[in-house]
>>> print(open('start-v4.cif').read())   # mmCIF, C-alpha atoms
data_target
#
loop_
_atom_site.label_atom_id
_atom_site.label_comp_id
_atom_site.auth_asym_id
_atom_site.auth_seq_id
_atom_site.Cartn_x
_atom_site.Cartn_y
_atom_site.Cartn_z
CA MET A 1 -3.21 -8.98 26.89
CA LYS A 2 0.30 -10.11 27.70
CA VAL A 3 0.10 -8.99 31.32
CA ILE A 4 -2.67 -11.48 32.09
CA LYS A 5 -0.56 -14.41 30.86
CA ALA A 6 2.55 -13.10 32.65
CA ASN A 7 0.56 -12.71 35.88
CA GLU A 8 -0.83 -16.25 35.60
CA ASP A 9 2.67 -17.60 34.96
CA MET A 10 3.97 -15.66 37.96
CA TRP A 11 1.38 -17.24 40.26
CA ILE A 12 2.23 -20.75 39.05
CA PHE A 13 5.95 -20.03 39.43
CA HIS A 14 5.38 -18.53 42.89
CA GLN A 15 3.45 -21.59 44.07
CA LEU A 16 6.09 -24.00 42.74
CA LEU A 17 8.87 -22.16 44.54
CA LEU A 18 6.84 -22.03 47.77
CA GLU A 19 6.28 -25.78 47.50
CA ASP A 20 10.05 -26.21 47.15
CA VAL A 21 10.68 -24.11 50.26
CA ARG A 22 8.10 -26.10 52.22
CA ALA A 23 9.58 -29.40 51.02
CA ALA A 24 13.10 -28.27 51.94
CA ARG A 25 11.86 -27.16 55.36
CA ASP A 26 10.08 -30.47 55.94
CA PHE A 27 13.17 -32.38 54.79
CA GLY A 28 15.25 -30.39 57.27
CA LEU A 29 12.86 -31.16 60.11
CA ASN A 30 13.24 -34.88 59.42
CA ALA A 31 16.88 -35.02 58.37
CA LYS A 32 18.39 -32.43 60.76
CA SER A 33 21.71 -31.99 59.00
CA ASN A 34 23.87 -29.21 57.62
CA PHE A 35 23.01 -30.46 54.13
CA ALA A 36 19.31 -30.00 54.87
CA LEU A 37 19.92 -26.45 56.14
CA ARG A 38 22.05 -25.53 53.14
CA THR A 39 19.33 -26.90 50.88
CA LEU A 40 16.72 -24.80 52.67
CA TYR A 41 18.87 -21.64 52.35
CA ARG A 42 19.46 -22.22 48.65
CA THR A 43 15.80 -22.99 48.03
CA SER A 44 14.71 -19.91 49.99
CA ALA A 45 17.09 -17.74 47.98
CA ALA A 46 15.69 -19.19 44.75
CA TYR A 47 12.20 -18.30 45.99
CA ILE A 48 13.14 -14.67 46.66
CA GLU A 49 15.13 -14.24 43.47
CA GLY A 50 12.65 -16.14 41.29
CA VAL A 51 9.54 -14.32 42.47
CA THR A 52 11.35 -10.99 42.19
CA TYR A 53 12.20 -11.81 38.58
CA GLN A 54 8.61 -12.83 37.88
CA LEU A 55 7.44 -9.43 39.14
CA ARG A 56 9.79 -7.93 36.54
CA LEU A 57 8.26 -10.05 33.78
CA VAL A 58 4.73 -8.98 34.74
CA CYS A 59 5.77 -5.33 34.67
CA LEU A 60 7.44 -5.73 31.27
CA ALA A 61 4.36 -7.47 29.88
CA ALA A 62 2.18 -4.65 31.20
CA HIS A 63 4.49 -2.15 29.53
CA GLU A 64 4.04 -3.98 26.22
CA ASP A 65 0.26 -3.79 26.67
CA VAL A 66 0.13 -0.16 27.84
CA SER A 67 3.27 1.79 27.03
CA ASN A 68 2.70 4.81 29.30
CA ILE A 69 2.77 3.05 32.68
CA PHE A 70 6.48 3.47 33.35
CA ASP A 71 8.87 6.30 32.61
CA ALA A 72 11.99 5.80 30.47
CA ASN A 73 14.29 5.19 33.45
CA GLU A 74 11.95 2.60 34.95
CA ILE A 75 11.75 0.82 31.59
CA MET A 76 15.54 0.67 31.32
CA LEU A 77 15.78 -0.79 34.83
CA LEU A 78 12.97 -3.26 34.14
CA LYS A 79 14.81 -4.39 31.02
CA GLU A 80 18.04 -4.56 33.04
CA LYS A 81 19.76 -2.29 30.53
CA CYS A 82 21.81 0.86 30.62
CA VAL A 83 23.18 2.95 27.80
CA GLY A 84 26.61 4.24 27.08
CA LEU A 85 28.67 5.32 24.12
CA ASP A 86 31.09 3.24 22.12
CA LYS A 87 34.38 4.60 20.79
CA GLN A 88 32.64 5.92 17.68
CA GLY A 89 30.12 7.89 19.75
CA ARG A 90 27.23 5.53 19.02
CA ILE A 91 24.76 4.66 21.74
CA LYS A 92 25.15 1.10 22.97
CA GLU A 93 22.87 -0.77 25.32
CA ARG A 94 24.54 -2.88 27.98
CA GLU A 95 23.33 -5.28 30.62
CA SER A 96 22.75 -3.62 33.98
CA PHE A 97 22.07 -5.81 36.96
CA GLN A 98 21.08 -4.23 40.24
CA SER A 99 21.73 -5.48 43.76
CA LEU A 100 18.97 -7.70 45.06
CA LYS A 101 17.73 -5.55 47.96
CA PRO A 102 17.13 -2.33 46.00
CA ASN A 103 15.84 -4.43 43.11
CA ILE A 104 13.19 -5.98 45.37
CA LEU A 105 12.05 -2.52 46.49
CA PHE A 106 11.98 -1.24 42.91
CA LEU A 107 10.01 -4.21 41.59
CA PHE A 108 7.52 -4.12 44.45
CA LYS A 109 6.89 -0.45 43.61
CA CYS A 110 6.64 -1.10 39.87
CA PHE A 111 4.21 -3.97 40.40
CA ALA A 112 2.11 -1.73 42.65
CA LYS A 113 2.18 0.99 39.99
CA LEU A 114 0.40 -1.41 37.62
CA HIS A 115 -2.47 -1.36 40.07
CA ARG A 116 -2.37 2.44 40.48
CA LEU A 117 -1.01 2.00 43.97
CA ASP A 118 1.88 3.51 45.88
CA PHE A 119 3.48 0.70 47.88
CA ASN A 120 6.29 0.99 50.39
CA PRO A 121 7.66 -2.23 51.82
CA ASN A 122 8.41 -2.12 55.51
CA THR A 123 12.15 -1.45 55.70
CA SER A 124 12.10 -0.20 59.29
CA VAL A 125 12.17 -3.65 60.88
CA HIS A 126 15.28 -5.64 61.73
CA ARG A 127 14.20 -8.40 59.33
CA TRP A 128 14.88 -6.01 56.43
CA ALA A 129 18.49 -5.74 57.61
CA SER A 130 18.61 -9.53 57.86
CA LEU A 131 18.03 -9.70 54.11
CA SER A 132 21.54 -8.31 53.48
CA GLU A 133 23.06 -10.96 55.72
CA PHE A 134 20.91 -13.62 54.07
CA ILE A 135 22.23 -12.58 50.65
CA GLU A 136 25.78 -12.94 51.97
CA ILE A 137 24.94 -16.41 53.34
CA ARG A 138 23.43 -17.38 50.00
CA ASN A 139 26.48 -16.10 48.11
CA SER A 140 28.86 -18.00 50.37
CA LEU A 141 26.85 -21.19 49.88
CA MET A 142 26.77 -20.80 46.11
CA HIS A 143 30.44 -19.80 45.86
CA PRO A 144 32.12 -21.34 48.93
CA LYS A 145 35.72 -20.45 49.57
CA SER A 146 36.19 -21.96 53.01
CA ILE A 147 34.71 -24.46 55.44
CA GLU A 148 33.09 -21.55 57.32
CA ASP A 149 31.03 -20.75 54.22
CA LEU A 150 29.41 -24.18 54.48
CA GLU A 151 28.93 -24.28 58.24
CA MET A 152 25.45 -23.71 59.56
CA THR A 153 25.02 -21.72 62.76
CA GLU A 154 22.14 -20.55 64.92
CA ASN A 155 22.81 -16.97 63.75
CA LYS A 156 22.63 -18.00 60.08
CA ASN A 157 19.38 -19.84 60.82
CA ARG A 158 17.87 -16.80 62.53
CA VAL A 159 19.00 -14.39 59.82
CA SER A 160 17.69 -16.62 57.05
CA LEU A 161 14.32 -17.10 58.70
CA GLU A 162 13.94 -13.36 59.30
CA ALA A 163 14.90 -12.47 55.73
CA VAL A 164 12.51 -14.94 54.15
CA GLU A 165 9.73 -13.87 56.52
CA TRP A 166 10.33 -10.20 55.60
CA PHE A 167 10.14 -10.96 51.89
CA HIS A 168 7.11 -13.23 52.14
CA GLU A 169 5.12 -10.90 54.43
CA ASN A 170 5.80 -7.82 52.29
CA LEU A 171 5.00 -9.72 49.11
CA LYS A 172 1.68 -10.92 50.57
CA ARG A 173 0.90 -7.35 51.66
CA LEU A 174 1.74 -6.12 48.16
CA TYR A 175 -0.64 -8.66 46.61
CA ARG A 176 -3.42 -7.82 49.09
CA GLU A 177 -3.09 -4.08 48.56
CA CYS A 178 -3.00 -4.51 44.77
CA GLU A 179 -6.11 -6.66 44.88
CA ALA A 180 -7.89 -4.07 47.04
CA ALA A 181 -6.81 -1.28 44.67
CA ASP A 182 -8.08 -3.26 41.69
CA ILE A 183 -11.47 -3.72 43.35
CA ALA A 184 -11.64 -0.02 44.29
CA ASN A 185 -10.73 1.05 40.75
CA THR A 186 -13.45 -1.04 39.04
#
>>> encode(input="start-v4.cif", output="structure tokens")
Amino acid sequence: MKVIKANEDMWIFHQLLLEDVRAARDFGLNAKSNFALRTLYRTSAAYIEGVTYQLRLVCLAAHEDVSNIFDANEIMLLKEKCVGLDKQGRIKERESFQSLKPNILFLFKCFAKLHRLDFNPNTSVHRWASLSEFIEIRNSLMHPKSIEDLEMTENKNRVSLEAVEWFHENLKRLYRECEAADIANT
């Protein structure tokens, strides 16, 4: 089954990205510099984005194995596609990329659905709101337009820590609840 391989790959990928985050954090503790902080932010963003994408791949592999898990709209979103019409009235598929925050929620829910579970990440805490600010920080670091984009502040540090903690804690809860659901359903 394709989903087993995709899940194994996701775990390896997840562990590699976590090792990168830990190494960047440790580097920052020793090198205390703006470069070290920027490296940690970029690495943390890669962790969030990479693991989120891996969840997508697991869901797509599961869909290939068992085609009735997701409805047509979910499949289109998982494939990052949308449809429209060309000038001759023919249906054309196009790329459709979603914003990171709603995409995280969607993929957490889809991954849970594979395990016959309804999962709702905790979006009522302030750390969820920090994720939006973290995404802005990440974008300004990846596409800097001014010195301010590259400056590290206590507020940016706090926001980044809260965002990564929110993602990591909700992801761990997702995995735990999926594992418990799998055990209950066997």
>>> resolve_selection(input="start-v4.cif", expression="the PyMOL selection byres ((chain A and resi 152) around 10)", output="list in words")
Ser33, Asn34, Phe35, Ala36, Leu37, Arg38, Tyr41, Ile137, Glu148, Asp149, Leu150, Glu151, Thr153, Glu154, Asn155, Lys156 and Asn157 of chain A
>>> closest_residue(input="start-v4.cif", among="A:Phe97, A:Leu77, A:Ala46, A:Asp26", to="His14 of chain A", atoms="only C-alpha atoms")
A:Ala46
>>> closest_residue(input="start-v4.cif", among="A:Lys92, A:Leu105, A:Ile12, A:Glu80", to="Asp118 of chain A", atoms="only C-alpha atoms")
A:Leu105
>>> axis_aligned_box(input="start-v4.cif", around="segment 32-36 of chain A", padding_each_side="8 Å", output="JSON")
{"center_x": 21.1, "center_y": -30.8, "center_z": 57.4, "size_x": 21.5, "size_y": 19.2, "size_z": 22.6}
>>> resolve_selection(input="start-v4.cif", expression="the PyMOL selection byres ((chain A and resi 159-165) around 7)", output="VMD selection string")
chain A and resid 41 44 127 to 128 130 to 131 133 to 134 155 to 158 166 to 169
>>> closest_residue(input="start-v4.cif", among="A:Asn170, A:Asn30, A:Ser146, A:Asn139", to="Ile104 of chain A", atoms="all atoms listed in the file")
A:Asn170
>>> closest_residue(input="start-v4.cif", among="A:Phe27, A:Phe106, A:Trp11, A:Phe70", to="Val51 of chain A", atoms="only C-alpha atoms")
A:Trp11
>>> residues_around(input="start-v4.cif", residues="Lys79 of chain A", least_positions_apart="4", cutoff="12 Å", atoms="only C-alpha atoms", output="MDAnalysis selection string")
chainID A and resid 53 56:61 63:64 70 72:75 83 93:98 107
>>> resolve_selection(input="start-v4.cif", expression="the PyMOL selection byres ((chain A and resi 120) around 12)", output="PDB file with C-alpha atoms, keeping the file's coordinate frame")
ATOM      1  CA  ILE A 104      13.190  -5.980  45.370  1.00  0.00           C
ATOM      2  CA  LEU A 105      12.050  -2.520  46.490  1.00  0.00           C
ATOM      3  CA  PHE A 106      11.980  -1.240  42.910  1.00  0.00           C
ATOM      4  CA  LEU A 107      10.010  -4.210  41.590  1.00  0.00           C
ATOM      5  CA  PHE A 108       7.520  -4.120  44.450  1.00  0.00           C
ATOM      6  CA  LYS A 109       6.890  -0.450  43.610  1.00  0.00           C
ATOM      7  CA  CYS A 110       6.640  -1.100  39.870  1.00  0.00           C
ATOM      8  CA  PHE A 111       4.210  -3.970  40.400  1.00  0.00           C
ATOM      9  CA  ALA A 112       2.110  -1.730  42.650  1.00  0.00           C
ATOM     10  CA  LYS A 113       2.180   0.990  39.990  1.00  0.00           C
ATOM     11  CA  LEU A 117      -1.010   2.000  43.970  1.00  0.00           C
ATOM     12  CA  ASP A 118       1.880   3.510  45.880  1.00  0.00           C
ATOM     13  CA  PHE A 119       3.480   0.700  47.880  1.00  0.00           C
ATOM     14  CA  PRO A 121       7.660  -2.230  51.820  1.00  0.00           C
ATOM     15  CA  ASN A 122       8.410  -2.120  55.510  1.00  0.00           C
ATOM     16  CA  THR A 123      12.150  -1.450  55.700  1.00  0.00           C
ATOM     17  CA  SER A 124      12.100  -0.200  59.290  1.00  0.00           C
ATOM     18  CA  ASN A 170       5.800  -7.820  52.290  1.00  0.00           C
ATOM     19  CA  LEU A 171       5.000  -9.720  49.110  1.00  0.00           C
ATOM     20  CA  ARG A 173       0.900  -7.350  51.660  1.00  0.00           C
ATOM     21  CA  LEU A 174       1.740  -6.120  48.160  1.00  0.00           C
ATOM     22  CA  GLU A 177      -3.090  -4.080  48.560  1.00  0.00           C
TER      23      GLU A 177
END
>>> residues_near_point(input="start-v4.cif", point="(10.9, -21.9, 46.4)", cutoff="7 Å", atoms="all atoms listed in the file", output="ChimeraX atom specification")
/A:16-21,43-44,46-47
>>> write_last_selection(input="start-v4.cif", atoms="C-alpha atoms", output="short mmCIF file (atom, residue, chain, number, x, y, z; two decimals), keeping the file's coordinate frame")
data_model
loop_
_atom_site.label_atom_id
_atom_site.label_comp_id
_atom_site.auth_asym_id
_atom_site.auth_seq_id
_atom_site.Cartn_x
_atom_site.Cartn_y
_atom_site.Cartn_z
CA LEU A 16 6.09 -24.00 42.74
CA LEU A 17 8.87 -22.16 44.54
CA LEU A 18 6.84 -22.03 47.77
CA GLU A 19 6.28 -25.78 47.50
CA ASP A 20 10.05 -26.21 47.15
CA VAL A 21 10.68 -24.11 50.26
CA THR A 43 15.80 -22.99 48.03
CA SER A 44 14.71 -19.91 49.99
CA ALA A 46 15.69 -19.19 44.75
CA TYR A 47 12.20 -18.30 45.99
#
>>> closest_residue(input="start-v4.cif", among="A:Ala31, A:Leu78, A:Leu114, A:Ala45", to="Val3 of chain A", atoms="only C-alpha atoms")
A:Leu114
>>> atom_distance(input="start-v4.cif", atom1="atom CA of Ser99 of chain A", atom2="atom CA of Arg138 of chain A")
13.5 Å
>>> closest_residue(input="start-v4.cif", among="A:Ile183, A:Ile91, A:Met1, A:Leu100", to="Val66 of chain A", atoms="only C-alpha atoms")
A:Met1
>>> build_atoms(input="start-v4.cif", residues="segment 4-28 of chain A", atoms="N, CA and C atoms", output="tab-separated table (two decimals), in the frame of the given file")
chain	number	residue	atom	x	y	z
A	4	ILE	N	-1.85	-10.44	31.47
A	4	ILE	CA	-2.67	-11.48	32.09
A	4	ILE	C	-1.92	-12.81	32.08
A	5	LYS	N	-1.33	-13.17	30.95
A	5	LYS	CA	-0.56	-14.41	30.86
A	5	LYS	C	0.66	-14.36	31.78
A	6	ALA	N	1.37	-13.23	31.79
A	6	ALA	CA	2.55	-13.10	32.65
A	6	ALA	C	2.16	-13.22	34.12
A	7	ASN	N	1.03	-12.64	34.48
A	7	ASN	CA	0.56	-12.71	35.88
A	7	ASN	C	0.19	-14.15	36.24
A	8	GLU	N	-0.49	-14.85	35.34
A	8	GLU	CA	-0.83	-16.25	35.60
A	8	GLU	C	0.44	-17.10	35.75
A	9	ASP	N	1.40	-16.87	34.87
A	9	ASP	CA	2.67	-17.60	34.96
A	9	ASP	C	3.38	-17.31	36.28
A	10	MET	N	3.33	-16.04	36.70
A	10	MET	CA	3.97	-15.66	37.96
A	10	MET	C	3.36	-16.42	39.13
A	11	TRP	N	2.04	-16.54	39.16
A	11	TRP	CA	1.38	-17.24	40.26
A	11	TRP	C	1.77	-18.72	40.28
A	12	ILE	N	1.82	-19.34	39.12
A	12	ILE	CA	2.23	-20.75	39.05
A	12	ILE	C	3.67	-20.90	39.54
A	13	PHE	N	4.54	-20.04	39.05
A	13	PHE	CA	5.95	-20.03	39.43
A	13	PHE	C	6.09	-19.83	40.94
A	14	HIS	N	5.36	-18.85	41.46
A	14	HIS	CA	5.38	-18.53	42.89
A	14	HIS	C	4.99	-19.77	43.71
A	15	GLN	N	3.91	-20.42	43.32
A	15	GLN	CA	3.45	-21.59	44.07
A	15	GLN	C	4.45	-22.74	44.01
A	16	LEU	N	5.08	-22.95	42.85
A	16	LEU	CA	6.09	-24.00	42.74
A	16	LEU	C	7.27	-23.73	43.66
A	17	LEU	N	7.73	-22.49	43.68
A	17	LEU	CA	8.87	-22.16	44.54
A	17	LEU	C	8.50	-22.27	46.02
A	18	LEU	N	7.28	-21.86	46.37
A	18	LEU	CA	6.84	-22.03	47.77
A	18	LEU	C	6.77	-23.50	48.15
A	19	GLU	N	6.31	-24.34	47.23
A	19	GLU	CA	6.28	-25.78	47.50
A	19	GLU	C	7.70	-26.31	47.73
A	20	ASP	N	8.66	-25.80	46.95
A	20	ASP	CA	10.05	-26.21	47.15
A	20	ASP	C	10.56	-25.80	48.53
A	21	VAL	N	10.24	-24.58	48.95
A	21	VAL	CA	10.68	-24.11	50.26
A	21	VAL	C	10.06	-24.98	51.35
A	22	ARG	N	8.77	-25.26	51.22
A	22	ARG	CA	8.10	-26.10	52.22
A	22	ARG	C	8.70	-27.51	52.25
A	23	ALA	N	8.99	-28.06	51.08
A	23	ALA	CA	9.58	-29.40	51.02
A	23	ALA	C	10.98	-29.40	51.63
A	24	ALA	N	11.76	-28.37	51.36
A	24	ALA	CA	13.10	-28.27	51.94
A	24	ALA	C	13.01	-28.11	53.45
A	25	ARG	N	12.05	-27.33	53.91
A	25	ARG	CA	11.86	-27.16	55.36
A	25	ARG	C	11.47	-28.49	56.01
A	26	ASP	N	10.52	-29.19	55.40
A	26	ASP	CA	10.08	-30.47	55.94
A	26	ASP	C	11.22	-31.49	55.93
A	27	PHE	N	12.00	-31.50	54.86
A	27	PHE	CA	13.17	-32.38	54.79
A	27	PHE	C	14.12	-32.08	55.94
A	28	GLY	N	14.35	-30.80	56.19
A	28	GLY	CA	15.25	-30.39	57.27
A	28	GLY	C	14.73	-30.78	58.64
